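Enquirer: Structure in C-alpha cells, see below.
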Amino acid sequence: MTIKRTSTLCRFLPKALLVGVAIVSAAGASFAAHADNIENFGTQSFAQIKSAYEGKPFVVSLWSIDCAPCRVELKMLGELKKNDPDFALVVISTDSIENREEAADILDSYELAGIKTWMFADAFVERLRYSVDPLWHGELPRSYFFKADHSFESHSGILTREQIGKYFPSIEQ
Amino acid sequence: MLPILGQAEPFMRIFPMTSRAFALLALFAWGFAAQSASAESCAELRELHGADIVSVHCGGAPSASFDAQGRLWVAFVQNKHVYVSHSDDKGASYSTPVRVNEEAEDTEFNGENRPKIIVAPQGEVMLSWTTKTSSNFTGLIRFSRSIDGGKTFEVPRTVNDDGLTTGHRFDSLFLSASGNLYLTWIDKRDMEASLAIGDAYPGAAIYYAVSKDFGKTFSSNYAVSQNSCECCRIAMAPQGDDNVAILWRQIYDSQIRDHAVAVLGPEGEVSGLDRATVDDWYIDACPHHGPSMVQAQDADQYHMAWFSAGDLHKGIYYARYDLGQADSNQLIEVDATPGAGHPSLAQHGDELLLAWKGFNGVATQLQVMSSKDDGKSWSPVQTVFNTEQASDHPLLISDGKAIYLSWSTAEFGYVFEELSHDN
C-alpha cells in the first residue's frame, strides 16, 4: 500500500461551479449556511439518503480525517466522480462535524468538495454507525454497494476501481 | 426512556430513578459497595459554572493512575491543553485542574489517543501525549513532568528524535519497577524513507525511548518492529523489574492486521518479538481498535484482550500469551455481538477483570466479567452501566488494592468506580 501525501491543498473549482454541482447532485441539494457542501449526518440521515436514491443503485464511502487508507480511496473516488459526474456516490465522514473545515480541505484536494457530503453530527457515534449498518465495527474506509432494490454488499478496506466497475459497468473509468 | 438493564429491570419498573442512581444500583447488583455518587455530567457543570469550566467531567479522553500513596491522578484534554487533576477520595472529588502545556497544542484526544499519566514513587508526575501537526497523519510525541507534586509542569518536549514532519502518534507510557520509564509510539520515519526510494511500505513502525531519571532525560529512539498497523493504541505490561512487554496491531503478509508482542529493554534491546494473535483479519483499513494486556500470576504469561473481525475470529477475544513458549492459549470468544468493542483488562490479587463496551442499537452497555483462576474460567457477563449518550473507551486500572473503572461519559461525566469484589 502506498499512501500519497497531500502536502499542498489546491482549490480547483470556483465557488459558483461548486454550488452548481451541488444543485444537480442526485441526493437532492439544500443550501447550508457554510461555504462547504457538508451536511449533518444524524440518526435519520441514512434513511433519507436511501429515499433520495429510491430505485437507484449507489455507492457509500465512509472515511475519517485520521484514516490514511481512506485517502487512497477518496483519491480514486474523486477521479471517478470527475470523469463521470453521474456516478451515484455518497461520501460520509465519521469525524465530528465540528471539524468540517479540515474535512472540507481534504475533500477539496480530491475534487470532492463540490458534491454534497456528510459528517457525523452526534457524539454518540455508535448510534450513527448502527444507523448505517449494525454489523459495521467502525473500521475505515468502509463502503457499501447498494443495488437498485437496495440490497447491499459491504466492504472494509480500500475500494478498487475494479470493484466499482463490477457494480457500475457503465461508469467511465 | 428508562434505561433497561439485565437483572435489575423489574425493579426499575417499580422504582423509576435517575440514570445515575440506576447505574449505581447496577454496580451494587454486580456485588460492590457502590460509592456515593461523585460524577456529574459536564452539561450539569456548565449550567452551574458556565460554558468555560475546565473539569475532569468535561475534558476529552481522560486516563488515570494511582501514585504510591494511593492518590488518584487523572489527565485529560480540553481546549488544546492537557490538564491534570488529582483525587484523594478515589474520584468522589477532584482538585482544580492544572494546565500542563501553557502554549496550546493540537493535542490528540480520542479513544486510541489520550494523554497518559504516571506518578513515580518519588513523586514526579510524568505525562506523554500526541500533538497533531497536520491533517495528514503527522504528529509529535510530547512529554512533560512536574517535580513539585503537580503544581507546575515543565515546558513540554518532543521525544521523537528524527526531526521529520511525519507520523509519531499513539503514545503509551510505562514505568518499570526499577524506574525505567518507557515511552512507545507508532512512527512513520521508515515509511518516509521507503517511499523516498519508491518502495511500498505497509503501515508504520513501532519505536520507543527510555528515561532512567524519571523523565529528566530520554534515550535516543529505538526501533521495535516494522509494518505495524498505523492507528491502534499499544498495550504495555511489566516484564521483570527492568523491562516491558508490549502488544500492538501488526501487519502480516502486507494485508493481515493481527497482533504482535515483544519485550523491550532499557538499552534498546528488543526480544521475544512474535505473533500473539492469529485472527487472519485481512483488511487494508484502520481498525482504530487497540488491544489490552496485563501480566498474569506467572510473570512470563500475559492476559490479552483484543478485537478482530478476521476470518478466524470476529468480536472481542481473550487469550493468554506465554512468552517462554511464544504461544497463546486459553482463547475465549468474549463477545461476538455486533457493536461490542474496546476491551480493557486489569488484575488485582486473584481477580482478573475484563470490561468492554456493547451497543444494542439504542444504548451503550458497559460490560464486565471476572475470572478467579487466572483467566481459565469466567463469570457471566454483567452490564454495570447503561447509557443512551456518547461515551469514551472504558479503561480499568488498579491501585494494588482494588480494580477501578475509568470512563468518560456524556451522561454521567467522568466515571471512576471500584469494580473489584475482594477488597
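Ligands are numbered from 1 in the order shown, residues from 1 within each chain, and chains are lettered A, B, ... in the order they appear in the C-alpha cells.
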As an MDAnalysis selection string, please: every residue in region 14-240 of chain B that DSSP puts in strand (DSSP E).
Expert: chainID B and resid 60:66 72:78 81:87 98:99 116:119 125:132 139:146 157:158 168:175 181:187 204:211 222:228 235:239
Enquirer: Counting only C-alpha atoms, what are the residues of chain B within 9 Å of chain A, and for each of them which pair of atoms is the nearest and at what distance in Å, to one decimal? Sort the table by chain and rising number, as CSV.
Expert:
residue,atom,partner,partner_atom,distance
B:Ser135,CA,A:Ile65,CA,6.8
B:Asn136,CA,A:Arg5,CA,6.8
B:Phe137,CA,A:Asp66,CA,6.3
B:Leu195,CA,A:Thr2,CA,7.8
B:Asp199,CA,A:Thr2,CA,8.4
B:Ala200,CA,A:Thr2,CA,5.4
B:Tyr201,CA,A:Met1,CA,6.4
B:Pro202,CA,A:Met1,CA,5.4
B:Gly203,CA,A:Met1,CA,7.9
B:Glu230,CA,A:Ala68,CA,8.2
B:Cys231,CA,A:Cys67,CA,7.7
B:Ser254,CA,A:Met1,CA,8.0
B:Tyr282,CA,A:Gly157,CA,8.8
B:Ile283,CA,A:Gly157,CA,5.4
B:Asp284,CA,A:Gly157,CA,4.4
B:Ala285,CA,A:Gly157,CA,4.4
B:Cys286,CA,A:Leu140,CA,5.2
B:Pro287,CA,A:Glu139,CA,4.3
B:His288,CA,A:Glu139,CA,6.6
B:His289,CA,A:Glu139,CA,8.3
B:Ala309,CA,A:His137,CA,8.1
B:Thr337,CA,A:Leu135,CA,8.8
B:Pro338,CA,A:Leu135,CA,5.3
B:Gly339,CA,A:His137,CA,6.1
B:Ala340,CA,A:His137,CA,8.1
B:Gly341,CA,A:His137,CA,8.0
B:Phe359,CA,A:Glu126,CA,7.0
B:Asn360,CA,A:Pro134,CA,8.9
B:Gly361,CA,A:Tyr130,CA,6.3
B:Val362,CA,A:Arg127,CA,6.8
B:Ala363,CA,A:Arg127,CA,8.0
B:Thr364,CA,A:Glu126,CA,7.9
B:Glu388,CA,A:Phe124,CA,8.0
B:Gln389,CA,A:Phe124,CA,5.6
B:Ala390,CA,A:Phe124,CA,3.9
B:Ser391,CA,A:Phe124,CA,7.0
B:Ala410,CA,A:Ala123,CA,8.8
Enquirer: For Met119 (chain A), work out the shell of residues within 9 Å, counting only C-alpha atoms and skipping chain neighbours fewer than 4 positions away, then give it as JSON, numbers by chain.
Expert: {"A": [38, 39, 40, 41, 42, 91, 92, 93, 94, 95, 96, 97, 98, 99, 100, 103]}
Enquirer: For the helix (DSSP H, G or I) assignment from backbone DSSP, which residues of region 27-119 of chain A qualify? Please present them as a count of residues only.
Expert: 37
Enquirer: Quick one: residues within 12 Å of Ala346 (chain B), only C-alpha atoms, excluding same-chain residues fewer than 3 positions away - as an MDAnalysis selection string?
Expert: chainID B and resid 235:237 292:296 302:305 343 349:356 368:371 374:375 394:406 418:420
